[in-house]
Amino acid sequence: INTDAVKNLGIAADAVGAKIIHISTDYVFDGTNHRPYRESDKVNPISQYGTTKRKGETLLLALAPEAIIIRTAWLYSEFGKNFCKTMLNLTATKPQLKVVFDQCGTPTYALDLANAILTVIDKIKSADDKSKYTGIYHFSNEGVCSWYDFTQMIARIAGHTQCDIQPCYSSEYPSPVARPAYSVLDKRTIKETFGVKVPYWIDSLQQCIANLLK
């Protein structure tokens, strides 16, 4: 799905002259940076997921050179299964939780990503030269936190103060999936190119949880 399906979309787009906006991931990086990742930074995926997503990026740009790829990270929303909804439930029902604090990134509200994509589309539609808008861009909400910080804020906004949330190391909860320890994305390119407005992650989290609690 991450590689072959994207290749097929690229072939189809090239055949009919369509422009694709494809969503990719922070997992194309290894997480060893100590500053937000820019689009030009060297990729080095450390998981099968990241590897196949990177292959999809490469194939798409080769087959459909006018495609746009938007890398994002730590997505959540009111819909489907995600970290925010899981922690809302756990902090409401468990007396204590341990959450890793040595992995940092930026929670990204899916509604904000959707609005960014619409802004990109509007910019391209109104442009005299649509071909200049191509390549890779980064989008996540503003700010940075750990999964522990994210959980603390979820519980605080929801009023789940009875749950004792403790920080722990990733090594205490070994996972079959290798995750980047640092996956903050630099958004300056998408902001400067398309005029995208990027909300702060806590502001967006408050909006999402308000909708969920309704």
# chains A, B, ... in the order shown; residues from 1 in each chain; ligands from 1
>>> closest_atom_pairs(of="region 86-116 of chain A", to="region 125-142 of chain A", cutoff="7 Å", atoms="only C-alpha atoms", output="JSON lines")
{"residue": "A:Thr106", "atom": "CA", "partner": "A:Asn141", "partner_atom": "CA", "distance": 6.2}
{"residue": "A:Pro107", "atom": "CA", "partner": "A:Asn141", "partner_atom": "CA", "distance": 6.5}
{"residue": "A:Thr108", "atom": "CA", "partner": "A:Asn141", "partner_atom": "CA", "distance": 5.1}
>>> closest_atom_pairs(of="region 84-141 of chain A", to="region 164-187 of chain A", cutoff="7 Å", atoms="only C-alpha atoms", output="Markdown table")
| residue | atom | partner | partner_atom | distance |
| --- | --- | --- | --- | --- |
| A:Pro95 | CA | A:Asp164 | CA | 6.1 |
| A:Gln96 | CA | A:Asp164 | CA | 4.5 |
| A:Leu97 | CA | A:Ile165 | CA | 4.8 |
| A:Lys98 | CA | A:Gln166 | CA | 4.8 |
| A:Val99 | CA | A:Pro167 | CA | 5.2 |
| A:Val100 | CA | A:Cys168 | CA | 4.7 |
| A:Phe101 | CA | A:Pro167 | CA | 5.6 |
| A:Asp102 | CA | A:Tyr169 | CA | 6.0 |
| A:Gln103 | CA | A:Ala181 | CA | 4.4 |
| A:Cys104 | CA | A:Tyr182 | CA | 4.9 |
| A:Gly105 | CA | A:Val184 | CA | 4.6 |
| A:Thr106 | CA | A:Val184 | CA | 6.0 |
| A:His138 | CA | A:Lys187 | CA | 5.4 |
| A:Phe139 | CA | A:Lys187 | CA | 5.6 |
| A:Ser140 | CA | A:Leu185 | CA | 6.7 |
>>> closest_atom_pairs(of="region 65-135 of chain A", to="region 26-44 of chain A", cutoff="9 Å", atoms="only C-alpha atoms", output="JSON lines")
{"residue": "A:Arg71", "atom": "CA", "partner": "A:Asp26", "partner_atom": "CA", "distance": 6.2}
{"residue": "A:Thr72", "atom": "CA", "partner": "A:Asp26", "partner_atom": "CA", "distance": 6.0}
{"residue": "A:Ala73", "atom": "CA", "partner": "A:Asp26", "partner_atom": "CA", "distance": 5.5}
{"residue": "A:Trp74", "atom": "CA", "partner": "A:Asp26", "partner_atom": "CA", "distance": 8.6}
{"residue": "A:Gln103", "atom": "CA", "partner": "A:Gly31", "partner_atom": "CA", "distance": 8.9}
>>> atom_distance(atom1="CA of Val120 (chain A)", atom2="CA of Phe194 (chain A)")
5.8 Å
>>> atom_distance(atom1="CA of Ala64 (chain A)", atom2="CA of Leu113 (chain A)")
22.4 Å
>>> closest_residue(among="A:Gln48, A:Thr189, A:Asn82, A:Thr93", to="Ala110 (chain A)", atoms="only C-alpha atoms")
A:Asn82
>>> closest_residue(among="A:Ser77, A:Ile190, A:Tyr148, A:Gly143", to="Gln207 (chain A)", atoms="only C-alpha atoms")
A:Ser77
>>> select_by_dssp(residues="region 22-211 of chain A", states="strand (DSSP E)", output="MDAnalysis selection string")
chainID A and resid 22:25 68:72 75:76 96:100 104:105 108:109 135:138 145:146 164:168
>>> atom_distance(atom1="CA of Met153 (chain A)", atom2="CA of Thr119 (chain A)")
28.5 Å
>>> select_by_dssp(residues="region 27-212 of chain A", states="helix (DSSP H, G or I)", output="JSON, numbers by chain")
{"A": [27, 28, 48, 49, 50, 51, 52, 53, 54, 55, 56, 57, 58, 59, 60, 61, 62, 63, 83, 84, 85, 86, 87, 88, 89, 90, 91, 92, 93, 110, 111, 112, 113, 114, 115, 116, 117, 118, 119, 120, 121, 122, 123, 124, 125, 126, 130, 131, 132, 147, 148, 149, 150, 151, 152, 153, 154, 155, 156, 157, 158, 170, 171, 172, 188, 189, 190, 191, 192, 193, 194, 201, 202, 203, 204, 205, 206, 207, 208, 209, 210, 211, 212]}
>>> residues_around(residues="Asn2 (chain A)", least_positions_apart="2", cutoff="10 Å", atoms="only C-alpha atoms", output="list in words")
Asp4, Ala5, Val6, Lys7, Ser24, Tyr49, Gly50, Thr51, Thr52, Lys53, Arg54, Lys55, Gly56 and Glu57 of chain A
>>> write_last_selection(atoms="N, CA and C atoms", output="short mmCIF file (atom, residue, chain, number, x, y, z; two decimals), in the first residue's frame")
data_model
loop_
_atom_site.label_atom_id
_atom_site.label_comp_id
_atom_site.auth_asym_id
_atom_site.auth_seq_id
_atom_site.Cartn_x
_atom_site.Cartn_y
_atom_site.Cartn_z
N ASP A 4 3.64 0.28 -3.62
CA ASP A 4 3.06 -0.10 -4.92
C ASP A 4 1.81 0.70 -5.25
N ALA A 5 0.95 0.93 -4.26
CA ALA A 5 -0.27 1.70 -4.52
C ALA A 5 0.07 3.14 -4.91
N VAL A 6 1.07 3.71 -4.24
CA VAL A 6 1.49 5.07 -4.56
C VAL A 6 2.10 5.12 -5.97
N LYS A 7 2.85 4.08 -6.32
CA LYS A 7 3.41 3.99 -7.68
C LYS A 7 2.29 3.99 -8.72
N SER A 24 2.74 11.83 3.62
CA SER A 24 3.82 10.97 4.08
C SER A 24 4.06 11.22 5.58
N TYR A 49 7.78 0.51 8.11
CA TYR A 49 6.80 1.54 7.74
C TYR A 49 7.50 2.74 7.11
N GLY A 50 8.52 3.26 7.78
CA GLY A 50 9.25 4.41 7.25
C GLY A 50 9.91 4.10 5.92
N THR A 51 10.46 2.88 5.79
CA THR A 51 11.13 2.48 4.56
C THR A 51 10.17 2.44 3.38
N THR A 52 8.99 1.86 3.60
CA THR A 52 8.02 1.75 2.50
C THR A 52 7.40 3.11 2.17
N LYS A 53 7.22 3.96 3.17
CA LYS A 53 6.71 5.31 2.89
C LYS A 53 7.74 6.11 2.08
N ARG A 54 9.01 5.97 2.40
CA ARG A 54 10.05 6.67 1.64
C ARG A 54 10.10 6.15 0.21
N LYS A 55 9.97 4.86 0.02
CA LYS A 55 9.96 4.32 -1.35
C LYS A 55 8.78 4.88 -2.13
N GLY A 56 7.64 5.02 -1.46
CA GLY A 56 6.47 5.60 -2.10
C GLY A 56 6.72 7.03 -2.53
N GLU A 57 7.37 7.81 -1.66
CA GLU A 57 7.72 9.19 -2.01
C GLU A 57 8.58 9.24 -3.27
#
>>> residues_around(residues="Cys84 (chain A)", least_positions_apart="3", cutoff="8 Å", atoms="only C-alpha atoms", output="ChimeraX atom specification")
/A:76-77,87-88,151,154
>>> closest_residue(among="A:Leu9, A:Leu90, A:Ala67, A:Ile21", to="Gln152 (chain A)", atoms="only C-alpha atoms")
A:Leu90
>>> closest_residue(among="A:Cys145, A:Ala92, A:Ile124, A:Ala15", to="Ile68 (chain A)", atoms="only C-alpha atoms")
A:Ile124
>>> closest_residue(among="A:Ile46, A:Ile202, A:Leu75, A:Ile11", to="Leu63 (chain A)", atoms="only C-alpha atoms")
A:Ile11
>>> closest_residue(among="A:Val196, A:Ala62, A:Leu118, A:Leu213", to="Gly10 (chain A)", atoms="only C-alpha atoms")
A:Ala62
>>> decode(residues="region 151-196 of chain A", atoms="N, CA and C atoms", output="PDB file, in the first residue's frame")
ATOM      1  N   THR A 151       0.010  13.293  27.035  1.00  0.00           N
ATOM      2  CA  THR A 151      -0.972  12.640  27.895  1.00  0.00           C
ATOM      3  C   THR A 151      -1.377  13.529  29.060  1.00  0.00           C
ATOM      4  N   GLN A 152      -0.401  14.182  29.666  1.00  0.00           N
ATOM      5  CA  GLN A 152      -0.706  15.101  30.770  1.00  0.00           C
ATOM      6  C   GLN A 152      -1.688  16.190  30.321  1.00  0.00           C
ATOM      7  N   MET A 153      -1.467  16.729  29.136  1.00  0.00           N
ATOM      8  CA  MET A 153      -2.335  17.801  28.645  1.00  0.00           C
ATOM      9  C   MET A 153      -3.721  17.272  28.304  1.00  0.00           C
ATOM     10  N   ILE A 154      -3.797  16.067  27.748  1.00  0.00           N
ATOM     11  CA  ILE A 154      -5.098  15.446  27.462  1.00  0.00           C
ATOM     12  C   ILE A 154      -5.904  15.311  28.745  1.00  0.00           C
ATOM     13  N   ALA A 155      -5.258  14.779  29.788  1.00  0.00           N
ATOM     14  CA  ALA A 155      -5.944  14.578  31.066  1.00  0.00           C
ATOM     15  C   ALA A 155      -6.354  15.916  31.688  1.00  0.00           C
ATOM     16  N   ARG A 156      -5.481  16.911  31.600  1.00  0.00           N
ATOM     17  CA  ARG A 156      -5.768  18.217  32.199  1.00  0.00           C
ATOM     18  C   ARG A 156      -6.964  18.881  31.515  1.00  0.00           C
ATOM     19  N   ILE A 157      -6.985  18.857  30.187  1.00  0.00           N
ATOM     20  CA  ILE A 157      -8.082  19.487  29.455  1.00  0.00           C
ATOM     21  C   ILE A 157      -9.403  18.771  29.732  1.00  0.00           C
ATOM     22  N   ALA A 158      -9.345  17.441  29.833  1.00  0.00           N
ATOM     23  CA  ALA A 158     -10.566  16.654  30.052  1.00  0.00           C
ATOM     24  C   ALA A 158     -11.011  16.647  31.507  1.00  0.00           C
ATOM     25  N   GLY A 159     -10.144  17.133  32.410  1.00  0.00           N
ATOM     26  CA  GLY A 159     -10.484  17.127  33.833  1.00  0.00           C
ATOM     27  C   GLY A 159     -10.298  15.790  34.510  1.00  0.00           C
ATOM     28  N   HIS A 160      -9.451  14.937  33.938  1.00  0.00           N
ATOM     29  CA  HIS A 160      -9.203  13.614  34.515  1.00  0.00           C
ATOM     30  C   HIS A 160      -8.040  13.691  35.510  1.00  0.00           C
ATOM     31  N   THR A 161      -8.238  14.428  36.581  1.00  0.00           N
ATOM     32  CA  THR A 161      -7.158  14.712  37.526  1.00  0.00           C
ATOM     33  C   THR A 161      -6.883  13.556  38.485  1.00  0.00           C
ATOM     34  N   GLN A 162      -7.767  12.565  38.510  1.00  0.00           N
ATOM     35  CA  GLN A 162      -7.592  11.459  39.444  1.00  0.00           C
ATOM     36  C   GLN A 162      -6.535  10.462  38.988  1.00  0.00           C
ATOM     37  N   CYS A 163      -6.135  10.523  37.711  1.00  0.00           N
ATOM     38  CA  CYS A 163      -5.161   9.575  37.168  1.00  0.00           C
ATOM     39  C   CYS A 163      -3.742  10.080  37.423  1.00  0.00           C
ATOM     40  N   ASP A 164      -2.926   9.231  38.039  1.00  0.00           N
ATOM     41  CA  ASP A 164      -1.520   9.542  38.311  1.00  0.00           C
ATOM     42  C   ASP A 164      -0.688   9.136  37.095  1.00  0.00           C
ATOM     43  N   ILE A 165      -0.238  10.112  36.316  1.00  0.00           N
ATOM     44  CA  ILE A 165       0.508   9.853  35.083  1.00  0.00           C
ATOM     45  C   ILE A 165       1.996  10.001  35.362  1.00  0.00           C
ATOM     46  N   GLN A 166       2.732   8.919  35.149  1.00  0.00           N
ATOM     47  CA  GLN A 166       4.163   8.888  35.459  1.00  0.00           C
ATOM     48  C   GLN A 166       4.990   8.765  34.184  1.00  0.00           C
ATOM     49  N   PRO A 167       6.137   9.463  34.108  1.00  0.00           N
ATOM     50  CA  PRO A 167       7.013   9.322  32.942  1.00  0.00           C
ATOM     51  C   PRO A 167       7.822   8.030  33.015  1.00  0.00           C
ATOM     52  N   CYS A 168       8.118   7.469  31.854  1.00  0.00           N
ATOM     53  CA  CYS A 168       8.970   6.276  31.806  1.00  0.00           C
ATOM     54  C   CYS A 168       9.789   6.302  30.520  1.00  0.00           C
ATOM     55  N   TYR A 169      10.812   5.443  30.469  1.00  0.00           N
ATOM     56  CA  TYR A 169      11.650   5.335  29.285  1.00  0.00           C
ATOM     57  C   TYR A 169      11.025   4.386  28.266  1.00  0.00           C
ATOM     58  N   SER A 170      11.345   4.601  26.998  1.00  0.00           N
ATOM     59  CA  SER A 170      10.858   3.714  25.938  1.00  0.00           C
ATOM     60  C   SER A 170      11.280   2.274  26.180  1.00  0.00           C
ATOM     61  N   SER A 171      12.462   2.103  26.775  1.00  0.00           N
ATOM     62  CA  SER A 171      12.976   0.753  27.022  1.00  0.00           C
ATOM     63  C   SER A 171      12.113  -0.040  28.002  1.00  0.00           C
ATOM     64  N   GLU A 172      11.311   0.659  28.793  1.00  0.00           N
ATOM     65  CA  GLU A 172      10.415  -0.022  29.721  1.00  0.00           C
ATOM     66  C   GLU A 172       9.208  -0.615  29.008  1.00  0.00           C
ATOM     67  N   TYR A 173       8.950  -0.150  27.804  1.00  0.00           N
ATOM     68  CA  TYR A 173       7.838  -0.667  27.011  1.00  0.00           C
ATOM     69  C   TYR A 173       8.332  -0.996  25.609  1.00  0.00           C
ATOM     70  N   PRO A 174       9.117  -2.074  25.474  1.00  0.00           N
ATOM     71  CA  PRO A 174       9.668  -2.414  24.158  1.00  0.00           C
ATOM     72  C   PRO A 174       8.554  -2.647  23.137  1.00  0.00           C
ATOM     73  N   SER A 175       8.797  -2.143  21.923  1.00  0.00           N
ATOM     74  CA  SER A 175       7.801  -2.235  20.856  1.00  0.00           C
ATOM     75  C   SER A 175       8.415  -2.882  19.631  1.00  0.00           C
ATOM     76  N   PRO A 176       7.639  -3.663  18.882  1.00  0.00           N
ATOM     77  CA  PRO A 176       8.166  -4.230  17.629  1.00  0.00           C
ATOM     78  C   PRO A 176       8.396  -3.162  16.567  1.00  0.00           C
ATOM     79  N   VAL A 177       7.849  -1.951  16.763  1.00  0.00           N
ATOM     80  CA  VAL A 177       7.994  -0.857  15.810  1.00  0.00           C
ATOM     81  C   VAL A 177       9.047   0.127  16.325  1.00  0.00           C
ATOM     82  N   ALA A 178      10.070   0.374  15.524  1.00  0.00           N
ATOM     83  CA  ALA A 178      11.087   1.356  15.887  1.00  0.00           C
ATOM     84  C   ALA A 178      10.572   2.745  15.553  1.00  0.00           C
ATOM     85  N   ARG A 179      10.507   3.616  16.554  1.00  0.00           N
ATOM     86  CA  ARG A 179       9.992   4.968  16.363  1.00  0.00           C
ATOM     87  C   ARG A 179      11.118   5.990  16.512  1.00  0.00           C
ATOM     88  N   PRO A 180      11.105   7.042  15.698  1.00  0.00           N
ATOM     89  CA  PRO A 180      12.125   8.096  15.849  1.00  0.00           C
ATOM     90  C   PRO A 180      12.030   8.740  17.230  1.00  0.00           C
ATOM     91  N   ALA A 181      13.164   8.923  17.892  1.00  0.00           N
ATOM     92  CA  ALA A 181      13.153   9.541  19.223  1.00  0.00           C
ATOM     93  C   ALA A 181      12.839  11.028  19.151  1.00  0.00           C
ATOM     94  N   TYR A 182      13.141  11.648  18.013  1.00  0.00           N
ATOM     95  CA  TYR A 182      12.875  13.078  17.828  1.00  0.00           C
ATOM     96  C   TYR A 182      12.328  13.264  16.421  1.00  0.00           C
ATOM     97  N   SER A 183      11.107  13.759  16.310  1.00  0.00           N
ATOM     98  CA  SER A 183      10.492  13.877  14.980  1.00  0.00           C
ATOM     99  C   SER A 183       9.746  15.198  14.805  1.00  0.00           C
ATOM    100  N   VAL A 184      10.324  16.269  15.332  1.00  0.00           N
ATOM    101  CA  VAL A 184       9.736  17.592  15.135  1.00  0.00           C
ATOM    102  C   VAL A 184      10.024  18.043  13.706  1.00  0.00           C
ATOM    103  N   LEU A 185       8.999  18.552  13.025  1.00  0.00           N
ATOM    104  CA  LEU A 185       9.128  18.969  11.637  1.00  0.00           C
ATOM    105  C   LEU A 185       9.186  20.488  11.522  1.00  0.00           C
ATOM    106  N   ASP A 186      10.047  20.981  10.654  1.00  0.00           N
ATOM    107  CA  ASP A 186      10.168  22.408  10.379  1.00  0.00           C
ATOM    108  C   ASP A 186       9.129  22.784   9.316  1.00  0.00           C
ATOM    109  N   LYS A 187       8.251  23.729   9.659  1.00  0.00           N
ATOM    110  CA  LYS A 187       7.124  24.071   8.782  1.00  0.00           C
ATOM    111  C   LYS A 187       7.355  25.328   7.944  1.00  0.00           C
ATOM    112  N   ARG A 188       8.545  25.898   7.973  1.00  0.00           N
ATOM    113  CA  ARG A 188       8.714  27.215   7.348  1.00  0.00           C
ATOM    114  C   ARG A 188       8.428  27.189   5.843  1.00  0.00           C
ATOM    115  N   THR A 189       8.743  26.094   5.161  1.00  0.00           N
ATOM    116  CA  THR A 189       8.567  26.053   3.706  1.00  0.00           C
ATOM    117  C   THR A 189       7.104  26.104   3.310  1.00  0.00           C
ATOM    118  N   ILE A 190       6.265  25.304   3.969  1.00  0.00           N
ATOM    119  CA  ILE A 190       4.845  25.304   3.612  1.00  0.00           C
ATOM    120  C   ILE A 190       4.191  26.622   4.002  1.00  0.00           C
ATOM    121  N   LYS A 191       4.679  27.252   5.074  1.00  0.00           N
ATOM    122  CA  LYS A 191       4.130  28.545   5.483  1.00  0.00           C
ATOM    123  C   LYS A 191       4.509  29.630   4.487  1.00  0.00           C
ATOM    124  N   GLU A 192       5.771  29.643   4.069  1.00  0.00           N
ATOM    125  CA  GLU A 192       6.240  30.683   3.158  1.00  0.00           C
ATOM    126  C   GLU A 192       5.697  30.494   1.742  1.00  0.00           C
ATOM    127  N   THR A 193       5.557  29.240   1.313  1.00  0.00           N
ATOM    128  CA  THR A 193       5.135  28.959  -0.064  1.00  0.00           C
ATOM    129  C   THR A 193       3.637  29.140  -0.257  1.00  0.00           C
ATOM    130  N   PHE A 194       2.855  28.660   0.701  1.00  0.00           N
ATOM    131  CA  PHE A 194       1.404  28.627   0.518  1.00  0.00           C
ATOM    132  C   PHE A 194       0.629  29.527   1.479  1.00  0.00           C
ATOM    133  N   GLY A 195       1.322  30.169   2.414  1.00  0.00           N
ATOM    134  CA  GLY A 195       0.624  31.001   3.381  1.00  0.00           C
ATOM    135  C   GLY A 195      -0.193  30.203   4.378  1.00  0.00           C
ATOM    136  N   VAL A 196       0.233  28.974   4.638  1.00  0.00           N
ATOM    137  CA  VAL A 196      -0.477  28.104   5.581  1.00  0.00           C
ATOM    138  C   VAL A 196      -0.318  28.639   7.003  1.00  0.00           C
TER     139      VAL A 196
END
